[in-house]
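Student: mmCIF, C-alpha atoms, file model22.cif:
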```cif
data_input
loop_
_atom_site.label_atom_id
_atom_site.label_comp_id
_atom_site.auth_asym_id
_atom_site.auth_seq_id
_atom_site.Cartn_x
_atom_site.Cartn_y
_atom_site.Cartn_z
CA MET A 1 -23.38 -0.68 -52.64
CA LYS A 2 -20.41 1.22 -54.08
CA ARG A 3 -19.43 2.38 -50.59
CA ALA A 4 -19.60 -1.18 -49.30
CA LEU A 5 -17.34 -2.43 -52.10
CA LEU A 6 -14.90 0.42 -51.50
CA PHE A 7 -14.87 -0.42 -47.78
CA LEU A 8 -14.01 -4.06 -48.51
CA VAL A 9 -11.32 -3.22 -51.09
CA LEU A 10 -9.62 -0.75 -48.74
CA GLY A 11 -9.84 -3.22 -45.87
CA LEU A 12 -8.33 -6.02 -47.95
CA ALA A 13 -5.55 -3.73 -49.22
CA ALA A 14 -4.65 -2.68 -45.68
CA VAL A 15 -4.72 -6.25 -44.41
CA SER A 16 -2.66 -7.67 -47.27
CA SER A 17 -0.01 -4.93 -47.21
CA HIS A 18 0.53 -5.25 -43.45
CA ALA A 19 0.35 -9.04 -43.47
CA ALA A 20 2.97 -9.44 -46.19
CA ALA A 21 5.67 -8.68 -43.64
CA GLN A 22 4.17 -10.67 -40.75
CA GLU A 23 2.39 -13.64 -42.40
CA ARG A 24 -0.57 -13.28 -40.06
CA VAL A 25 -3.41 -12.98 -42.52
CA TYR A 26 -6.40 -15.12 -43.39
CA LEU A 27 -8.91 -15.00 -46.23
CA GLY A 28 -12.28 -16.68 -45.98
CA LEU A 29 -15.51 -17.58 -47.69
CA ARG A 30 -18.71 -17.79 -45.67
CA LEU A 31 -22.34 -18.65 -46.03
CA ALA A 32 -24.32 -16.37 -43.74
CA GLY A 33 -27.95 -15.75 -43.02
CA ALA A 34 -29.75 -12.93 -41.27
CA SER A 35 -33.15 -12.84 -39.66
CA SER A 36 -35.02 -9.97 -38.05
CA LEU A 37 -36.00 -10.31 -34.39
CA GLU A 38 -38.61 -7.56 -34.73
CA GLU A 39 -40.18 -8.59 -38.03
CA PRO A 40 -40.51 -12.41 -37.99
CA ASP A 41 -42.45 -12.42 -41.28
CA ILE A 42 -39.27 -11.35 -43.12
CA GLY A 43 -37.78 -14.80 -42.56
CA PHE A 44 -34.23 -15.93 -43.08
CA LEU A 45 -32.19 -14.27 -45.87
CA PRO A 46 -29.06 -16.19 -46.99
CA TYR A 47 -25.84 -14.35 -47.90
CA LEU A 48 -22.56 -15.35 -49.52
CA GLY A 49 -19.58 -13.52 -48.09
CA LEU A 50 -15.86 -12.87 -48.23
CA GLN A 51 -13.70 -11.95 -45.28
CA ALA A 52 -10.09 -11.03 -44.60
CA GLY A 53 -8.43 -10.92 -41.22
CA LEU A 54 -5.16 -9.79 -39.70
CA ARG A 55 -3.69 -10.94 -36.41
CA LEU A 56 -2.53 -7.97 -34.38
CA ALA A 57 -0.56 -7.97 -31.12
CA GLY A 58 -1.32 -10.80 -28.73
CA PRO A 59 -4.84 -12.26 -29.00
CA LEU A 60 -6.31 -9.40 -31.09
CA GLU A 61 -7.45 -9.63 -34.72
CA LEU A 62 -8.85 -7.13 -37.19
CA ARG A 63 -11.36 -8.46 -39.75
CA ALA A 64 -13.25 -6.97 -42.72
CA ALA A 65 -16.18 -8.78 -44.36
CA TYR A 66 -18.61 -8.28 -47.22
CA ASP A 67 -21.80 -10.35 -47.62
CA VAL A 68 -24.21 -10.14 -50.57
CA SER A 69 -27.61 -11.64 -51.44
CA LEU A 70 -30.14 -10.78 -54.15
CA GLY A 71 -29.48 -7.03 -54.21
CA VAL A 72 -28.85 -6.69 -50.46
CA SER A 73 -25.35 -6.35 -49.02
CA TYR A 74 -23.58 -5.97 -45.68
CA ALA A 75 -20.07 -4.67 -45.07
CA SER A 76 -18.58 -4.97 -41.61
CA ALA A 77 -15.38 -4.69 -39.64
CA ASP A 78 -14.48 -6.37 -36.36
CA LEU A 79 -11.95 -6.13 -33.60
CA LEU A 80 -11.79 -9.68 -32.25
CA TYR A 81 -10.31 -11.21 -29.09
CA THR A 82 -9.20 -14.80 -29.71
CA GLN A 83 -8.56 -17.60 -27.23
CA PRO A 84 -7.10 -21.08 -27.93
CA LEU A 85 -9.45 -23.83 -26.73
CA GLY A 86 -7.17 -26.81 -27.40
CA ASP A 87 -7.06 -29.60 -30.01
CA GLY A 88 -7.05 -27.19 -32.97
CA PHE A 89 -10.02 -25.12 -31.72
CA ARG A 90 -10.07 -21.43 -30.91
CA GLY A 91 -12.88 -19.20 -29.73
CA TYR A 92 -13.32 -15.53 -30.52
CA ALA A 93 -15.55 -12.62 -29.59
CA GLY A 94 -15.62 -9.00 -30.67
CA ALA A 95 -17.59 -6.12 -32.09
CA GLY A 96 -17.56 -3.51 -34.83
CA PRO A 97 -19.47 -1.31 -37.28
CA ASP A 98 -21.84 -2.42 -40.06
CA TYR A 99 -23.05 -0.88 -43.30
CA TYR A 100 -26.21 -2.23 -44.95
CA ALA A 101 -27.44 -1.46 -48.48
CA ASP A 102 -30.65 -2.66 -50.14
CA GLY A 103 -30.34 -2.34 -53.91
CA TRP A 104 -34.06 -2.96 -54.44
CA ASN A 105 -35.40 0.06 -52.56
CA GLY A 106 -32.25 2.17 -52.12
CA GLU A 107 -32.31 1.86 -48.32
CA THR A 108 -28.99 2.13 -46.49
CA ASP A 109 -28.23 1.89 -42.81
CA GLY A 110 -25.27 1.94 -40.47
CA GLY A 111 -25.07 -0.01 -37.27
CA VAL A 112 -23.02 -2.00 -34.81
CA HIS A 113 -22.74 -5.69 -34.06
CA ALA A 114 -21.18 -8.11 -31.63
CA ALA A 115 -19.75 -11.44 -32.81
CA ALA A 116 -18.88 -14.74 -31.16
CA GLY A 117 -17.62 -17.89 -32.81
CA VAL A 118 -15.39 -20.91 -32.84
CA GLU A 119 -12.89 -22.07 -35.48
CA TYR A 120 -11.32 -25.50 -35.94
CA ARG A 121 -7.97 -25.29 -37.70
CA THR A 122 -5.90 -28.00 -39.35
CA GLY A 123 -2.85 -26.78 -41.27
CA ILE A 124 -3.75 -23.60 -43.13
CA VAL A 125 -7.48 -24.45 -43.30
CA GLY A 126 -9.92 -23.26 -40.65
CA LEU A 127 -13.62 -24.14 -40.46
CA PHE A 128 -15.75 -21.74 -38.43
CA ALA A 129 -19.24 -21.06 -37.07
CA GLU A 130 -20.33 -17.66 -35.78
CA VAL A 131 -23.34 -15.72 -34.52
CA ALA A 132 -23.64 -11.91 -34.55
CA PRO A 133 -26.48 -9.74 -33.26
CA ILE A 134 -26.71 -6.53 -35.34
CA TYR A 135 -28.39 -3.23 -34.46
CA GLY A 136 -29.19 -0.75 -37.27
CA PHE A 137 -29.14 2.92 -36.22
CA GLY A 138 -31.49 4.33 -38.86
CA SER A 139 -33.97 1.46 -38.89
CA ALA A 140 -33.70 0.69 -35.17
CA ALA A 141 -33.87 -2.94 -36.34
CA LEU A 142 -32.31 -5.82 -34.46
CA ARG A 143 -31.13 -8.71 -36.64
CA VAL A 144 -29.10 -11.84 -36.00
CA ARG A 145 -26.56 -13.09 -38.55
CA SER A 146 -25.33 -16.69 -38.41
CA SER A 147 -22.30 -17.80 -40.45
CA LEU A 148 -20.50 -21.00 -41.44
CA GLY A 149 -17.35 -20.90 -43.50
CA VAL A 150 -13.76 -21.68 -44.27
CA ASN A 151 -10.62 -19.58 -43.80
CA LEU A 152 -7.19 -20.01 -45.39
CA HIS A 153 -4.43 -18.83 -43.03
CA PHE A 154 -1.14 -17.49 -44.42
#
```
Could you write out this structure as structure tokens?

Tutor:
Amino acid sequence: MKRALLFLVLGLAAVSSHAAAQERVYLGLRLAGASSLEEPDIGFLPYLGLQAGLRLAGPLELRAAYDVSLGVSYASADLLYTQPLGDGFRGYAGAGPDYYADGWNGETDGGVHAAAGVEYRTGIVGLFAEVAPIYGFGSAALRVRSSLGVNLHF
């Protein structure tokens, strides 16, 4: 859990220091949920998350996120490719590493994920929906995380 928090703090610091000069940053709040494809009896576990993103050159973005729920947390980073879809909408797809920590049993795991989503933006506010399949290296578990949220673009 401490590593996950450190990861998010360092990611946010890097994003905010670089974005101060370019004004290409966003901060977001998301409600996410994960379910296991291999263990259907686990069910759907809801998470509350924070994310910060930075637009890089062209259509590329870098994003860091931290989700937490009842002693379980995920930290992730993404490199995203974005594409305008018209009328305030944009699509995005990407991938990155994950870190999972279960505070109840002390289990931790690293993994990778892909992500695809769409965001509707009006002014500085963006509303988004996203889906991300996640593969854990140590557990060999395949999960799917779904997210809905809001971003503030600066």

Student: Quick one: of A:Leu37, A:Leu80, A:Ala116, A:Ala52, who's nearest to Ala129 of chain A, counting only C-alpha atoms?

Tutor: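 Closest candidate: A:Ala116.
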
Student: Pull out every residue that the PyMOL selection byres ((chain A and resi 92-97) around 12) matches in the shown coordinates and put them as JSON, numbers by chain.

Tutor: {"A": [7, 59, 60, 61, 62, 63, 64, 65, 74, 75, 76, 77, 78, 79, 80, 81, 82, 83, 84, 85, 89, 90, 91, 98, 99, 100, 109, 110, 111, 112, 113, 114, 115, 116, 117, 118, 119, 120, 128, 129, 130, 131, 132, 133, 134, 135, 136, 137]}

Student: Evaluate the PyMOL selection byres ((chain A and resi 26) around 9) on the structure here and hand back the selected residues as a compact mmCIF listing (two decimals) with C-alpha atoms, in the coordinates of the input.

Tutor:
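Contents of selection.txt, as written:
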```
# COMPACT_ATOMS: atom_id res chain seq x y z
CA GLU A 23 2.39 -13.64 -42.40
CA ARG A 24 -0.57 -13.28 -40.06
CA VAL A 25 -3.41 -12.98 -42.52
CA LEU A 27 -8.91 -15.00 -46.23
CA GLY A 28 -12.28 -16.68 -45.98
CA GLN A 51 -13.70 -11.95 -45.28
CA ALA A 52 -10.09 -11.03 -44.60
CA GLY A 53 -8.43 -10.92 -41.22
CA LEU A 54 -5.16 -9.79 -39.70
CA ARG A 55 -3.69 -10.94 -36.41
CA ILE A 124 -3.75 -23.60 -43.13
CA ASN A 151 -10.62 -19.58 -43.80
CA LEU A 152 -7.19 -20.01 -45.39
CA HIS A 153 -4.43 -18.83 -43.03
CA PHE A 154 -1.14 -17.49 -44.42
```

Student: Can you measure atom CA of Leu50 of chain A to atom CA of Asn105 of chain A for me? One decimal in Å is fine.

Tutor: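 Straight-line distance from atom CA of Leu50 of chain A to atom CA of Asn105 of chain A works out to 23.8 Å.
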
Student: Check the smallest atom-to-atom distance from each of A:Ser139, A:Ser69, A:Thr108, A:Thr122 to Ser36 of chain A using all atoms listed in the file, then report the winner.

Tutor: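 Selected residue with least distance to Ser36 of chain A: A:Ser139.
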
Student: What does the distance between atom CA of Ser73 of chain A and atom CA of Ser35 of chain A come to in Å, to one decimal place?

Tutor: 13.8 Å

Student: Could you jot down the atom CA of Ser146 of chain A to atom CA of Leu31 of chain A separation for me, Å, one decimal place?

Tutor: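 These two atoms are separated by 8.4 Å.
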